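S.K.: Okay, handing you the structure first.
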Amino acid sequence: MAAESCHPRGLSWFARSCIPADPARHTAVPVPIPVPVSVPDAEDPDPEAEPPIAALPDELLLEILARVPRASLPSLPAVCRRFASLLASQAFLHLRRARGRLRPCLLAVSSSSSSSSARALLLHLHHASASSSSLDVAALPLPLPLLLPPHARAVAVGRHVYLVGRGATLRVDPLTGAARACAPTLFPRSKFAAAAVGARIYVAGGSARTAAVEEYDPSADAWRVVAEAPRRRYGCAGAGAGGVFYVAGGVAVGAGGGGGGGTAAVVEAHACAGSVDALHVASGAWAWARPRAVPGGGCVVGACGAGDGHLYVVASHAVDLSFWRWHGGGGRGGGGWVALEAPPVPRGAVGLGVAVRVAMAGVGADRVAAVVNVAAVRGHAAAAAASGGAVEGLVLVYDIGGGRWSRASDLPPGFRRAACTAVEC
């Protein structure tokens, strides 16, 4: 438990931890140490004694905290409650960004049902060549009852990442590793669409029981139903951009979604797999009477929004992948698809008998990150092997301005199917 106040010994340790241990960059300067003439009595405290950290103003402490290496931040909230409060403040975040201590990263969070902790991996996304990417793994301890459920979606809102799963929602601070439980969704969902629009989170799909679209308000820690989706989708992807919540891909489930079988069910499932619905969150109205299908009959396998206000989609066409941007246009229902450079997956990796999953995240207004996983469909191992085998944890970064893909470091085995989102860290 954090103490109420901080003490001089902690300040000395804290100051030393802020100085890089690189002798080549620093010159030792002898400092004279005054020798006291007399030792005061224990009952008569010296008025010139070093004051505790509590005597320092918040502005000075924030300046010091903003310079602490990221790897040392998780342990600081335990020093005292004042440290915890300052680290959680927006002022700390603004100072750290101004000092160049925040970088765009791809955050991957993985949890095991046999463990009481989750792990987070940060992949730094540089503008330079892929060889400059680096991996930084840190532990995020979670309370035992709050194990991350399978197929959880990671959504970034402000400085926090919300891990939304079946019957559980967890808020994580990627800087300090602090985590706490939040209100779960109103309806249990699996393989659903989730995204942030503004300062709120929206989820849809993943349930045969309801077509409800839910909205989460982080400040109130509460979910509410804001709309009914035109199609019930399972295995769909979510994206948020330009005030719109997009629900893409998946298959139709439940009443009215082709659940009765037959030709109609096959047609409806195919229409969902290659289509996108769009909800204007301000009005609660769906933008299109009919879903917007990806050209060429492709199945949407990944989607995200970027800071430029556009939707980006990766589609699978049985033997290759395509990459698209939805340009919204000026009027209601206007706009269209723009073809972009296809993701550079290894030759022959995509083919018949394999399933492609792409976790995507918009990184600011200028980049899109995609984590590609290709695995054999059950019963099609021979066909998958002929197409080149499995591809897991392949990280690709698309430069929106340059219109080109580059390859970053692959995710390690423990994170290849983790929940992913983009953060500043």
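Labels used: A, B, ... for chains in the order of the structure tokens, numbers from 1 for residues in each chain, and numbers from 1 for ligands as shown.
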Considering only C-alpha atoms, tabulate each residue of segment 175-265 of chain A that lies at most 12 Å from segment 77-99 of chain A along with its nearest interatomic pair and the corresponding distance in Å to one decimal; arrange the rows by chain and ascending residue number and present them as JSON lines.
M.R.:
```
{"residue": "A:Leu175", "atom": "CA", "partner": "A:Leu87", "partner_atom": "CA", "distance": 9.0}
{"residue": "A:Thr176", "atom": "CA", "partner": "A:Pro77", "partner_atom": "CA", "distance": 7.7}
{"residue": "A:Gly177", "atom": "CA", "partner": "A:Pro77", "partner_atom": "CA", "distance": 9.9}
{"residue": "A:Ala178", "atom": "CA", "partner": "A:Pro77", "partner_atom": "CA", "distance": 8.8}
{"residue": "A:Ala179", "atom": "CA", "partner": "A:Ala88", "partner_atom": "CA", "distance": 12.0}
```
S.K.: For the residues in the current selection, export N, CA, C and O atoms as a PDB file, in the first residue's frame.
M.R.:
```pdb
ATOM      1  N   LEU A 175       1.141   2.995 -19.391  1.00  0.00           N
ATOM      2  CA  LEU A 175       2.347   3.619 -18.862  1.00  0.00           C
ATOM      3  C   LEU A 175       2.746   3.034 -17.513  1.00  0.00           C
ATOM      4  O   LEU A 175       3.912   2.721 -17.275  1.00  0.00           O
ATOM      5  N   THR A 176       1.784   2.891 -16.615  1.00  0.00           N
ATOM      6  CA  THR A 176       2.089   2.423 -15.260  1.00  0.00           C
ATOM      7  C   THR A 176       1.700   0.973 -15.030  1.00  0.00           C
ATOM      8  O   THR A 176       2.098   0.383 -14.025  1.00  0.00           O
ATOM      9  N   GLY A 177       0.911   0.376 -15.930  1.00  0.00           N
ATOM     10  CA  GLY A 177       0.448  -0.987 -15.728  1.00  0.00           C
ATOM     11  C   GLY A 177      -0.718  -1.103 -14.786  1.00  0.00           C
ATOM     12  O   GLY A 177      -1.179  -2.205 -14.500  1.00  0.00           O
ATOM     13  N   ALA A 178      -1.247   0.013 -14.274  1.00  0.00           N
ATOM     14  CA  ALA A 178      -2.387  -0.036 -13.358  1.00  0.00           C
ATOM     15  C   ALA A 178      -3.615  -0.553 -14.096  1.00  0.00           C
ATOM     16  O   ALA A 178      -3.894  -0.150 -15.229  1.00  0.00           O
ATOM     17  N   ALA A 179      -4.361  -1.461 -13.458  1.00  0.00           N
ATOM     18  CA  ALA A 179      -5.539  -2.054 -14.076  1.00  0.00           C
ATOM     19  C   ALA A 179      -6.671  -2.114 -13.061  1.00  0.00           C
ATOM     20  O   ALA A 179      -6.445  -2.309 -11.867  1.00  0.00           O
TER      21      ALA A 179
END
```
S.K.: Select, from A:Ser110, A:Asn373, A:Thr169, A:Thr421, the residue with the minimum atom-to-atom distance to Pro218 of chain A, counting only C-alpha atoms.
M.R.: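 Checking each of A:Ser110, A:Asn373, A:Thr169, A:Thr421 against Pro218 of chain A, counting only C-alpha atoms, the winner is A:Thr169.
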S.K.: Let's see if you can do this: from backbone DSSP, list all strand (DSSP E) residues in segment 136-311 of chain A, as a PDB file with C-alpha atoms, in the first residue's frame.
M.R.:
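Dumped to out_39.pdb:
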```
ATOM      1  CA  ASP A 136       9.646  -3.998 -25.022  1.00  0.00           C
ATOM      2  CA  VAL A 137       7.816  -6.514 -22.844  1.00  0.00           C
ATOM      3  CA  ALA A 138       6.378  -5.574 -19.452  1.00  0.00           C
ATOM      4  CA  ALA A 139       4.193  -7.423 -16.963  1.00  0.00           C
ATOM      5  CA  LEU A 140       0.748  -6.078 -16.111  1.00  0.00           C
ATOM      6  CA  PRO A 141      -0.442  -7.734 -12.877  1.00  0.00           C
ATOM      7  CA  ARG A 153     -11.085  -6.531 -27.998  1.00  0.00           C
ATOM      8  CA  ALA A 154      -8.603  -3.767 -27.116  1.00  0.00           C
ATOM      9  CA  VAL A 155      -9.839  -0.182 -27.531  1.00  0.00           C
ATOM     10  CA  ALA A 156      -7.796   2.923 -26.668  1.00  0.00           C
ATOM     11  CA  VAL A 157      -9.585   5.952 -25.215  1.00  0.00           C
ATOM     12  CA  HIS A 160      -6.201   4.142 -21.205  1.00  0.00           C
ATOM     13  CA  VAL A 161      -6.779   0.861 -23.002  1.00  0.00           C
ATOM     14  CA  TYR A 162     -10.071  -0.952 -22.405  1.00  0.00           C
ATOM     15  CA  LEU A 163     -10.053  -4.725 -22.814  1.00  0.00           C
ATOM     16  CA  VAL A 164     -13.647  -5.714 -23.560  1.00  0.00           C
ATOM     17  CA  GLY A 165     -14.504  -9.412 -23.434  1.00  0.00           C
ATOM     18  CA  ALA A 168     -15.770  -8.537 -18.377  1.00  0.00           C
ATOM     19  CA  THR A 169     -14.220  -5.155 -19.111  1.00  0.00           C
ATOM     20  CA  LEU A 170     -10.781  -4.151 -17.869  1.00  0.00           C
ATOM     21  CA  ARG A 171      -9.132  -0.718 -17.962  1.00  0.00           C
ATOM     22  CA  VAL A 172      -5.337  -0.687 -18.247  1.00  0.00           C
ATOM     23  CA  ALA A 179      -5.539  -2.054 -14.076  1.00  0.00           C
ATOM     24  CA  ARG A 180      -9.052  -2.061 -12.679  1.00  0.00           C
ATOM     25  CA  ALA A 181     -12.360  -3.742 -13.455  1.00  0.00           C
ATOM     26  CA  CYS A 182     -15.093  -1.814 -15.254  1.00  0.00           C
ATOM     27  CA  ALA A 193     -16.905  -5.484 -33.306  1.00  0.00           C
ATOM     28  CA  ALA A 194     -15.553  -2.804 -30.959  1.00  0.00           C
ATOM     29  CA  ALA A 195     -14.097   0.656 -31.548  1.00  0.00           C
ATOM     30  CA  ALA A 196     -13.766   4.100 -30.006  1.00  0.00           C
ATOM     31  CA  VAL A 197     -15.561   7.090 -31.524  1.00  0.00           C
ATOM     32  CA  ARG A 200     -16.731   6.537 -26.002  1.00  0.00           C
ATOM     33  CA  ILE A 201     -16.622   2.860 -26.942  1.00  0.00           C
ATOM     34  CA  TYR A 202     -19.135   1.099 -29.194  1.00  0.00           C
ATOM     35  CA  VAL A 203     -19.684  -2.652 -29.600  1.00  0.00           C
ATOM     36  CA  ALA A 204     -21.921  -4.641 -31.949  1.00  0.00           C
ATOM     37  CA  ALA A 212     -28.204  -4.091 -30.028  1.00  0.00           C
ATOM     38  CA  VAL A 213     -25.323  -1.660 -30.413  1.00  0.00           C
ATOM     39  CA  GLU A 214     -23.947  -0.677 -27.013  1.00  0.00           C
ATOM     40  CA  GLU A 215     -22.136   2.504 -26.010  1.00  0.00           C
ATOM     41  CA  TYR A 216     -19.743   2.758 -23.066  1.00  0.00           C
ATOM     42  CA  ASP A 217     -19.126   6.028 -21.233  1.00  0.00           C
ATOM     43  CA  ALA A 222     -21.825   2.450 -17.749  1.00  0.00           C
ATOM     44  CA  TRP A 223     -23.102   0.783 -20.925  1.00  0.00           C
ATOM     45  CA  ARG A 224     -26.338   1.625 -22.733  1.00  0.00           C
ATOM     46  CA  VAL A 225     -28.078   0.531 -25.935  1.00  0.00           C
ATOM     47  CA  VAL A 226     -27.997   3.279 -28.588  1.00  0.00           C
ATOM     48  CA  ALA A 227     -29.169   1.508 -31.775  1.00  0.00           C
ATOM     49  CA  GLU A 228     -30.226  -1.766 -33.388  1.00  0.00           C
ATOM     50  CA  ARG A 233     -22.873 -10.377 -37.432  1.00  0.00           C
ATOM     51  CA  TYR A 234     -20.477 -12.861 -35.863  1.00  0.00           C
ATOM     52  CA  ALA A 237     -14.427  -6.188 -37.049  1.00  0.00           C
ATOM     53  CA  GLY A 238     -15.073  -2.712 -35.678  1.00  0.00           C
ATOM     54  CA  ALA A 239     -13.611   0.681 -36.594  1.00  0.00           C
ATOM     55  CA  GLY A 240     -14.215   4.288 -35.634  1.00  0.00           C
ATOM     56  CA  ALA A 241     -13.419   7.335 -37.778  1.00  0.00           C
ATOM     57  CA  VAL A 244     -18.871   6.977 -37.484  1.00  0.00           C
ATOM     58  CA  PHE A 245     -18.818   3.464 -35.977  1.00  0.00           C
ATOM     59  CA  TYR A 246     -18.191   0.867 -38.695  1.00  0.00           C
ATOM     60  CA  VAL A 247     -19.121  -2.830 -38.372  1.00  0.00           C
ATOM     61  CA  ALA A 248     -17.392  -4.884 -41.060  1.00  0.00           C
ATOM     62  CA  VAL A 251     -21.216 -13.931 -41.010  1.00  0.00           C
ATOM     63  CA  ALA A 252     -24.938 -13.549 -40.390  1.00  0.00           C
ATOM     64  CA  SER A 275     -19.817  -5.673 -46.413  1.00  0.00           C
ATOM     65  CA  VAL A 276     -19.709  -2.762 -43.969  1.00  0.00           C
ATOM     66  CA  ASP A 277     -22.447  -1.021 -41.954  1.00  0.00           C
ATOM     67  CA  ALA A 278     -21.926   2.529 -40.664  1.00  0.00           C
ATOM     68  CA  LEU A 279     -23.562   4.163 -37.634  1.00  0.00           C
ATOM     69  CA  HIS A 280     -23.457   7.953 -37.150  1.00  0.00           C
ATOM     70  CA  ALA A 285     -28.861   6.585 -37.516  1.00  0.00           C
ATOM     71  CA  TRP A 286     -27.333   4.123 -39.941  1.00  0.00           C
ATOM     72  CA  ARG A 292     -21.349  -1.153 -48.668  1.00  0.00           C
ATOM     73  CA  ALA A 293     -19.623  -4.199 -50.146  1.00  0.00           C
ATOM     74  CA  CYS A 299     -14.340 -11.005 -47.368  1.00  0.00           C
ATOM     75  CA  VAL A 300     -13.380  -8.364 -44.814  1.00  0.00           C
ATOM     76  CA  VAL A 301     -10.740  -9.817 -42.465  1.00  0.00           C
ATOM     77  CA  GLY A 302      -9.594  -6.592 -40.769  1.00  0.00           C
ATOM     78  CA  ALA A 303     -10.694  -2.972 -40.349  1.00  0.00           C
ATOM     79  CA  CYS A 304      -9.721   0.180 -38.492  1.00  0.00           C
ATOM     80  CA  GLY A 305     -10.130   3.919 -38.566  1.00  0.00           C
ATOM     81  CA  LEU A 311     -11.976   3.694 -42.795  1.00  0.00           C
TER      82      LEU A 311
END
```
S.K.: Run DSSP on the backbone and tell me which residues of segment 224-312 of chain A come out as helix (DSSP H, G or I); list them as a PDB file with N, CA, C and O atoms, in the first residue's frame.
M.R.:
```
ATOM      1  N   GLY A 262     -30.390 -23.004 -45.778  1.00  0.00           N
ATOM      2  CA  GLY A 262     -30.860 -22.830 -47.134  1.00  0.00           C
ATOM      3  C   GLY A 262     -30.048 -21.828 -47.913  1.00  0.00           C
ATOM      4  O   GLY A 262     -29.088 -21.245 -47.435  1.00  0.00           O
ATOM      5  N   THR A 263     -30.480 -21.600 -49.175  1.00  0.00           N
ATOM      6  CA  THR A 263     -29.762 -20.699 -50.068  1.00  0.00           C
ATOM      7  C   THR A 263     -29.744 -19.267 -49.548  1.00  0.00           C
ATOM      8  O   THR A 263     -28.740 -18.563 -49.628  1.00  0.00           O
ATOM      9  N   ALA A 264     -30.888 -18.830 -48.996  1.00  0.00           N
ATOM     10  CA  ALA A 264     -30.960 -17.462 -48.481  1.00  0.00           C
ATOM     11  C   ALA A 264     -29.924 -17.236 -47.387  1.00  0.00           C
ATOM     12  O   ALA A 264     -29.318 -16.161 -47.302  1.00  0.00           O
ATOM     13  N   ALA A 265     -29.732 -18.248 -46.543  1.00  0.00           N
ATOM     14  CA  ALA A 265     -28.749 -18.113 -45.465  1.00  0.00           C
ATOM     15  C   ALA A 265     -27.347 -17.979 -46.033  1.00  0.00           C
ATOM     16  O   ALA A 265     -26.542 -17.176 -45.547  1.00  0.00           O
ATOM     17  N   VAL A 266     -27.019 -18.741 -47.063  1.00  0.00           N
ATOM     18  CA  VAL A 266     -25.690 -18.660 -47.666  1.00  0.00           C
ATOM     19  C   VAL A 266     -25.469 -17.298 -48.293  1.00  0.00           C
ATOM     20  O   VAL A 266     -24.413 -16.677 -48.145  1.00  0.00           O
ATOM     21  N   VAL A 267     -26.486 -16.772 -48.999  1.00  0.00           N
ATOM     22  CA  VAL A 267     -26.352 -15.463 -49.632  1.00  0.00           C
ATOM     23  C   VAL A 267     -26.174 -14.370 -48.596  1.00  0.00           C
ATOM     24  O   VAL A 267     -25.336 -13.483 -48.737  1.00  0.00           O
ATOM     25  N   GLU A 268     -26.971 -14.425 -47.509  1.00  0.00           N
ATOM     26  CA  GLU A 268     -26.874 -13.399 -46.481  1.00  0.00           C
ATOM     27  C   GLU A 268     -25.519 -13.455 -45.777  1.00  0.00           C
ATOM     28  O   GLU A 268     -24.912 -12.419 -45.488  1.00  0.00           O
ATOM     29  N   ALA A 269     -25.029 -14.668 -45.497  1.00  0.00           N
ATOM     30  CA  ALA A 269     -23.728 -14.800 -44.851  1.00  0.00           C
ATOM     31  C   ALA A 269     -22.626 -14.234 -45.735  1.00  0.00           C
ATOM     32  O   ALA A 269     -21.716 -13.555 -45.264  1.00  0.00           O
ATOM     33  N   HIS A 270     -22.720 -14.499 -47.063  1.00  0.00           N
ATOM     34  CA  HIS A 270     -21.702 -13.968 -47.971  1.00  0.00           C
ATOM     35  C   HIS A 270     -21.766 -12.450 -48.037  1.00  0.00           C
ATOM     36  O   HIS A 270     -20.735 -11.770 -48.073  1.00  0.00           O
ATOM     37  N   ALA A 271     -22.994 -11.899 -48.011  1.00  0.00           N
ATOM     38  CA  ALA A 271     -23.143 -10.442 -48.055  1.00  0.00           C
ATOM     39  C   ALA A 271     -22.532  -9.793 -46.825  1.00  0.00           C
ATOM     40  O   ALA A 271     -21.928  -8.728 -46.899  1.00  0.00           O
ATOM     41  N   CYS A 272     -22.684 -10.418 -45.665  1.00  0.00           N
ATOM     42  CA  CYS A 272     -22.083  -9.879 -44.447  1.00  0.00           C
ATOM     43  C   CYS A 272     -20.568  -9.948 -44.502  1.00  0.00           C
ATOM     44  O   CYS A 272     -19.874  -9.030 -44.082  1.00  0.00           O
ATOM     45  N   ALA A 273     -20.047 -11.057 -45.032  1.00  0.00           N
ATOM     46  CA  ALA A 273     -18.598 -11.257 -45.021  1.00  0.00           C
ATOM     47  C   ALA A 273     -17.851 -10.189 -45.797  1.00  0.00           C
ATOM     48  O   ALA A 273     -16.713  -9.863 -45.472  1.00  0.00           O
ATOM     49  N   PRO A 295     -15.265  -4.064 -53.132  1.00  0.00           N
ATOM     50  CA  PRO A 295     -15.223  -4.481 -54.547  1.00  0.00           C
ATOM     51  C   PRO A 295     -14.510  -5.818 -54.732  1.00  0.00           C
ATOM     52  O   PRO A 295     -13.622  -6.183 -53.972  1.00  0.00           O
ATOM     53  N   GLY A 296     -14.940  -6.527 -55.734  1.00  0.00           N
ATOM     54  CA  GLY A 296     -14.288  -7.787 -56.071  1.00  0.00           C
ATOM     55  C   GLY A 296     -14.775  -8.978 -55.275  1.00  0.00           C
ATOM     56  O   GLY A 296     -14.220 -10.070 -55.408  1.00  0.00           O
ATOM     57  N   GLY A 297     -15.793  -8.790 -54.443  1.00  0.00           N
ATOM     58  CA  GLY A 297     -16.342  -9.905 -53.685  1.00  0.00           C
ATOM     59  C   GLY A 297     -15.454 -10.415 -52.579  1.00  0.00           C
ATOM     60  O   GLY A 297     -15.574 -11.570 -52.163  1.00  0.00           O
TER      61      GLY A 297
END
```
S.K.: Write out as a ChimeraX atom specification the residues lying within 8 Å of segment 390-407 of chain A, counting only C-alpha atoms and excluding same-chain residues fewer than 5 positions away.
M.R.: /A:125,129-130,340-341,343-344,349,366-376,384-385,412-413,415-417
S.K.: Report, in Å with one decimal, the straight-line distance from atom CA of Ala422 of chain A to atom CA of Val319 of chain A.
M.R.: 28.8 Å
S.K.: Kindly indicate which residue among A:Ala339, A:Ala152, A:Ala66, A:Ala315 lies nearest to Pro188 of chain A, using only C-alpha atoms for the distances.
M.R.: A:Ala152
